[in-house]
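Participant: For reference, the structure I am asking about is given below.
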Amino acid sequence: MTLSLFLVQTLNGLQFGILLFFIAAGLTLVFGVMDFINLAHGVQYMIGAYLAAMFTALTGNFFFGLMLALPSALLFGLLLEFLIFRHLYARDHLDQVLATFGIIIFLNQAVKVVWGAAPLSVPVPEILSGTVVLMDGLLYPVYRLALIGSGLAIALILYILVSYTRIGMLVRAGATNAPMVSALGVDISRLFMVVFGFGAMLAGFAGAMVAPILSVEPGMGDNLLILTFVVIVIGGIGSIRGAFIAALLVGLVDTLGRIFGPFLLRLIMDPSAASQTGRALAPMLIYILMAAVLFFRPAGLFPVRK
Amino acid sequence: MAGTPAKAEDFAKAAKPALALVDLNKAYGALKVTDQVSLEFAPGELHAIIGPNGAGKTTLIHQISGLAGSDSGHILLDGQDITGLPMAARVRKGLARSFQITSIIPGFTGLENVALAVQARLGSSFRLFGAVSREERLNAPARAILETVGLLGRADLPAGLLSHGEKRQLELAIAMATEPRVLLLDEPLAGTGPEESAAVIALLRKLKGRYTIVLIEHDMDAVFALADRVSVLVYGRIIASGTPDAVRHDPAVREAYLGEEGL
Amino acid sequence: MTPLPEPSTTAAPPRPASRPGFVRREWLPIILFVLLALLPFAAMLGPEKYTLSLVTRVMIFALAAISLDLILGYGALVSFGHAAFLGIGGYAVGILAAHGFQDAALQVPVALLASGLFALLTGAISLRTKGVYFIMITLAFGQMAFFFAISLSAYGGDDGLTLASRSKLFGLSWLENDRFFYALVLALLIGCYALTRAIVASRFGRVIRGAKENPVRMEAVGFSPFRYQLAVYVISGMICGLAGVLLANQAEFVAPAYMAWQRSGELIVMVILGGLGSLHGAIIGAAAFLLLEEILSGYTEHWKLIFGPFLVLVVLFARGGLLGILAKVRGKSGGGR
């Protein structure tokens, strides 16, 4: 029983980690390449979820909804880039924080106005509903497995893109030394736009994919944004590989900590106090993890910039 | 200052060097940037270190000042081993430096920049009250130094607004304000125009003898006009060391560095 | 130097530094404080309780924002966990009161000690990192404090803790009087403003300001910035802890939400909105933030649709925050950028 619980929670942790990776990938590139702190990256995830919910309701099919949501999320990201972000690249970090904070406030309210304050729910698509038996007594929802699978596939594609294509090379070079790339005659603002749009689409994709299993509501990106920052800082800003590993690490530590923390506390406290304290303290774990990582490696696990 | 030794040989004979490097090494991976460097700097001498680009001159200054670590070897300041000390501690022991790329505090006035260095020397920097800008104990010495370097007239301008040559002078003033015995100067003439560089050279001439000066410089006219002794660094190694005349005529130096330009 | 001290990225123009001896600008805080002192008299003509409570709240946040500006504006130490100190101050009041210690004479020292210790501990670790990593590690400590408060089930856990009454002052219930409380908060605001103003102009303050602009230069004249930065971080934390004591008293309530990261973000926003590195800019920023929120929400429930873009516009068109605008209006060059 404990083993199957452990396996289920590990899968849940993996799935959470992959979700974090989708959001972190864009954020770490935007941060690494453009030296731009984008607090509004979390709302892009929220927008993705809302778009998926809307298009799924319109077309009656989750996959059509997804197909429509992705380009819309991309367009939306590019629009924000064009209207606001590109005027902020040359500014210092605090200006970027203030402006993107304003965008969060605006968009969290705007989705309430457009789609209502009540949470939306998206049905799990027919083909992916139900559960599979992974082993004796271990059932796991198909949709969540599909999410993990698609996540790993996308991580692989991303890895190939960044490692082996020309644009990927520019992105890596940009994360290491942006002025140098610019001096080589690359149109850096085009590169920024591509990276930005791509990041926005990935975050939107994450939102769309979780729409069937989480409730779609205003502010859903806020706390995830902070976790995403934790991920990219642990991984090393600008490093896709670091983001991937840190995302899985954070996902696993957070999920397993919530389940097994109270379990362990029971050894030293009475059960009801242990479960309460454990539940409250478990979210601290990833922050302790981050502080520890930064203490020993002040630039994260995979530092990009020398 | 009195009795500036006239001949380089006198420095070499001086019993106790102000600064000594013993078998100093540093490598970046397989690249040896400092290779078994041993040098002695006599009190009061102006010792120039020259060498082609990439010879490792700036790295050597970084190692001596503590901005970069050393893989092995020792740095002795007045006979005391300072190899493991951080930069700030070395400064407090009397070892100041200037930077190749000007390093000042642009938002502070020239006076504040220098007074800050005076303050670092005097201590009491945990004093939370009392307007520091009105403290004559800091400002008076700072003004005196600014006068020496010829910047008193520009003392109240934010340092970021000074001309490039003036910034170089200010940086020297900051280094002087820490009252060092040894002054490490990393290309004080870098990027200065003819007039500015004449002013800096005149200043260096004024400072010569007051401090033990280790000078890295590309301007050969300046080096040979100012230095008591010259050492030549090529690929991290000292290939020659001696009076300007001796170094100028050293065949190894001519081959490795000076080429056919003939000095 | 950008406010985040990464030596590699020094492209941004210097922030308007408040320069000692800049007489004209020094009138602004005096005008501010005189207005705040006169306000209770004007408030008597209208809804007095509402007005006093609103402006008291503004002043408490102004105090917290000043404490943040001290390290952020003068030291480029972007603390993204500063709300933790608000919570620590608040919980010092709440927990002591829950055990029957209601007197501020005990609560305030305990609150200051606790915030100071928390700052010393977290600062010693955080200051090992630079720039963005400093932001994130302070966020981490803020979140730890937040979740720790949630785990305090004996003191309300997630729901927080309602105070039976405001703190006593040497056994007396003066703080229950809104006018007295207003005056006390104003006095503390002025006191802490004067204190921080003195600090930034002192020898110590010069070291902090120097380390913000050029840490390598500081070491090259013989300073090790770490000790000074840690000290100013502790001072800032204690002032913010004091603001927490006042906030708990004002609301007669304390909850983990005091320490949420959004709160820390709001404090940063207040400081930048008002104008970084001037101390009174923090007061103006806090006032603008809270009053705009109050006024706009009076007009429409969707006030955030106006407030969000307002922040964006301030960044895009008013460098140096509201103080920058003021300087421009008065036709001064160099105030905005």
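If you're wondering about the labels, chains in the structure tokens are A, B, ... by order shown, residues count from 1 in each chain, ligands from 1 in order shown.
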Give me, as a ChimeraX atom specification, the residues of chain B touching chain C, with the criterion being at most 7 Å (counting only C-alpha atoms).
Facilitator: /B:87-89,91-92,96-97,103-105,117,120,125-132,175,178
Participant: Next, dump the selected residues to file, keeping only N, CA and C atoms, as a compact mmCIF listing (two decimals), in the first residue's frame.
Facilitator:
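Okay, out-v6.txt is ready:
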# COMPACT_ATOMS: atom_id res chain seq x y z
N MET B 87 41.06 41.23 -0.71
CA MET B 87 41.54 42.52 -1.20
C MET B 87 41.45 43.62 -0.14
N ALA B 88 40.28 43.70 0.52
CA ALA B 88 40.07 44.79 1.46
C ALA B 88 41.12 44.76 2.57
N ALA B 89 41.46 43.56 3.03
CA ALA B 89 42.44 43.45 4.11
C ALA B 89 43.82 43.89 3.62
N VAL B 91 44.41 46.11 1.38
CA VAL B 91 44.39 47.57 1.30
C VAL B 91 44.67 48.17 2.67
N ARG B 92 44.05 47.59 3.68
CA ARG B 92 44.24 48.12 5.03
C ARG B 92 45.68 47.92 5.50
N ALA B 96 47.55 49.52 -2.23
CA ALA B 96 46.41 50.07 -2.96
C ALA B 96 46.61 49.86 -4.45
N ARG B 97 45.53 49.94 -5.20
CA ARG B 97 45.66 49.73 -6.65
C ARG B 97 44.73 50.65 -7.42
N SER B 103 37.65 52.67 -12.23
CA SER B 103 36.69 52.22 -11.23
C SER B 103 36.55 53.29 -10.16
N ILE B 104 35.48 54.08 -10.31
CA ILE B 104 35.19 55.10 -9.32
C ILE B 104 33.72 54.95 -8.95
N ILE B 105 33.23 55.77 -8.04
CA ILE B 105 31.81 55.73 -7.73
C ILE B 105 31.17 56.92 -8.43
N ALA B 117 37.65 56.95 0.79
CA ALA B 117 38.88 56.19 1.00
C ALA B 117 39.56 56.61 2.29
N ALA B 120 37.76 54.89 4.98
CA ALA B 120 38.11 53.48 5.08
C ALA B 120 39.37 53.30 5.93
N SER B 125 33.33 53.32 10.58
CA SER B 125 32.33 53.38 9.52
C SER B 125 30.99 52.80 9.95
N PHE B 126 30.89 52.39 11.20
CA PHE B 126 29.57 52.00 11.70
C PHE B 126 28.89 53.18 12.40
N ARG B 127 29.46 54.37 12.26
CA ARG B 127 28.83 55.55 12.86
C ARG B 127 27.57 55.89 12.08
N LEU B 128 26.42 55.82 12.77
CA LEU B 128 25.13 55.97 12.07
C LEU B 128 24.67 57.42 12.02
N PHE B 129 25.30 58.28 12.81
CA PHE B 129 24.81 59.65 12.87
C PHE B 129 25.92 60.64 12.55
N GLY B 130 25.52 61.86 12.28
CA GLY B 130 26.49 62.88 11.91
C GLY B 130 26.64 62.90 10.41
N ALA B 131 26.42 64.07 9.81
CA ALA B 131 26.47 64.16 8.35
C ALA B 131 27.91 64.00 7.88
N VAL B 132 28.14 62.95 7.15
CA VAL B 132 29.50 62.64 6.73
C VAL B 132 30.03 63.70 5.77
N ALA B 175 43.36 56.01 -4.58
CA ALA B 175 44.36 55.05 -4.12
C ALA B 175 45.29 55.70 -3.10
N THR B 178 44.18 56.04 0.64
CA THR B 178 44.27 54.92 1.59
C THR B 178 45.64 54.86 2.25
Participant: Can you work out which residues from chain A touch chain C at a cut-off of 7 Å (counting only C-alpha atoms) and hand them back as a PyMOL selection string?
Facilitator: chain A and resi 91-93+95+98-99+102-103+105-106+109-110+233+277+280-281+283-284+287+291+295+298
Participant: Which residues are close to B:Gly150, i.e. within 12 Å by only C-alpha atoms, leaving aside same-chain residues fewer than 5 positions away? Reply as a PyMOL selection string.
Facilitator: chain B and resi 110+143-145+155+165-170+172-173+196+199-200+202-203+206
Participant: For A:Val142, please output as a list in words all residues within 10 Å (counting only C-alpha atoms; exclusion window: fewer than 5 positions along the same chain).
Facilitator: Val124, Ile127, Leu128, Ser129, Gly130, Thr131, Val132, Val133, Leu147 and Ile148 of chain A
Participant: Filtering to N, CA and C atoms, could you give me those residues as an mmCIF file, in the first residue's frame?
Facilitator:
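File produced: selection-v8.cif:
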data_model
loop_
_atom_site.group_PDB
_atom_site.id
_atom_site.type_symbol
_atom_site.label_atom_id
_atom_site.label_comp_id
_atom_site.auth_asym_id
_atom_site.auth_seq_id
_atom_site.Cartn_x
_atom_site.Cartn_y
_atom_site.Cartn_z
ATOM 1 N N VAL A 124 -12.406 16.345 -19.197
ATOM 2 C CA VAL A 124 -11.287 15.571 -19.731
ATOM 3 C C VAL A 124 -11.755 14.950 -21.050
ATOM 4 N N ILE A 127 -11.232 10.273 -25.095
ATOM 5 C CA ILE A 127 -10.236 9.216 -25.335
ATOM 6 C C ILE A 127 -9.276 9.075 -24.172
ATOM 7 N N LEU A 128 -9.034 10.195 -23.471
ATOM 8 C CA LEU A 128 -8.024 10.170 -22.427
ATOM 9 C C LEU A 128 -8.648 10.060 -21.036
ATOM 10 N N SER A 129 -9.953 9.831 -20.976
ATOM 11 C CA SER A 129 -10.559 9.700 -19.661
ATOM 12 C C SER A 129 -10.347 8.276 -19.173
ATOM 13 N N GLY A 130 -10.701 8.037 -17.939
ATOM 14 C CA GLY A 130 -10.533 6.700 -17.384
ATOM 15 C C GLY A 130 -9.163 6.525 -16.773
ATOM 16 N N THR A 131 -8.919 5.326 -16.289
ATOM 17 C CA THR A 131 -7.661 5.054 -15.625
ATOM 18 C C THR A 131 -7.039 3.786 -16.208
ATOM 19 N N VAL A 132 -5.761 3.651 -15.964
ATOM 20 C CA VAL A 132 -5.110 2.399 -16.343
ATOM 21 C C VAL A 132 -4.518 1.763 -15.090
ATOM 22 N N VAL A 133 -4.397 0.450 -15.176
ATOM 23 C CA VAL A 133 -3.770 -0.263 -14.071
ATOM 24 C C VAL A 133 -2.265 -0.323 -14.351
ATOM 25 N N LEU A 147 -0.267 13.624 -20.025
ATOM 26 C CA LEU A 147 0.372 14.905 -19.734
ATOM 27 C C LEU A 147 1.878 14.711 -19.499
ATOM 28 N N ILE A 148 2.188 13.676 -18.727
ATOM 29 C CA ILE A 148 3.604 13.402 -18.476
ATOM 30 C C ILE A 148 4.307 13.062 -19.792
#
Participant: As an exercise, work out the distance from atom CA of A:Ala24 to atom CA of C:Ser264 in Å and give it to one decimal place.
Facilitator: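 Between atom CA of A:Ala24 and atom CA of C:Ser264 the gap works out to 21.8 Å.
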Participant: Set the distance at 7 Å and use only C-alpha atoms: which residues neighbour C:Ala92 once local chain neighbours fewer than 2 positions away are removed? I'd like the list as a list in words.
Facilitator: Ile88, Gly89, Gly90, Gly94, Ile95, Leu96, Gln107, Val110 and Ala111 of chain C
Participant: Choose the residue, out of C:Phe226, C:Phe118, C:Tyr299, C:Tyr91, that has the smallest atom-to-atom separation from C:Ala255; count only C-alpha atoms.
Facilitator: C:Tyr91
Participant: Record the distance separating atom CA of B:Thr243 and atom CA of B:Met176, expressed in Å with one decimal.
Facilitator: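 Those two atoms sit 26.0 Å apart.
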Participant: Taking only stretch 12-230 of chain B into account, list the residues labelled alpha helix (DSSP H) by DSSP (computed from the backbone), as a PyMOL selection string.
Facilitator: chain B and resi 12-13+57-65+87-92+110-122+136-149+164-177+194-207+220-226
Participant: Assign secondary structure with DSSP using the backbone only, and return the residues of stretch 12-218 of chain C in strand (DSSP E or B) as a ChimeraX atom specification.
Facilitator: /C:103,161-162,168-169,172
Participant: Would you mind reading off the distance between atom CA of B:Ala115 and atom CA of B:Ala198, one decimal, in Å?
Facilitator: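 Going from atom CA of B:Ala115 over to atom CA of B:Ala198, I get 26.0 Å.
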Participant: I'd like to know which of A:Ile259, A:Ala211, A:Ala274, A:Ala25 is closest to A:Leu120, using only C-alpha atoms.
Facilitator: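 The closest residue to A:Leu120 is A:Ala211.
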Participant: Can you pull out the residues contacting A:Phe192? Cut-off 9 Å, using only C-alpha atoms, and skip same-chain residues under 5 positions away; I want them as a list of chain:residue names.
Facilitator: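 Contacts, in chain order: A:Val30, A:Val33, A:Met34, A:Arg86, A:Val171, A:Asp187, A:Gly197.
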Participant: Env of B:Arg229: 6 Å cut, atoms = only C-alpha atoms, seq-sep filter 4 positions within chain, self excluded. Answer as a PyMOL selection string.
Facilitator: chain B and resi 47+242-244
Participant: Could those residues be written to a file, using C-alpha atoms, as a PDB file, in the first residue's frame?
Facilitator:
ATOM      1  CA  HIS B  47      59.068  49.397 -11.047  1.00  0.00           C
ATOM      2  CA  GLY B 242      66.794  45.445 -14.621  1.00  0.00           C
ATOM      3  CA  THR B 243      67.433  49.104 -15.326  1.00  0.00           C
ATOM      4  CA  PRO B 244      65.602  50.602 -18.291  1.00  0.00           C
TER       5      PRO B 244
END
Participant: Hey, which of C:Leu45, C:Ala37, C:Leu54, C:Leu161 ends up closest to C:Ala248? Count only C-alpha atoms.
Facilitator: C:Leu161
Participant: Measuring atom to atom with only C-alpha atoms, identify which of C:Pro29, C:Gly191, C:Gly116, C:Gly87 is nearest to C:Leu323.
Facilitator: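 Smallest separation from C:Leu323 among the options: C:Pro29.
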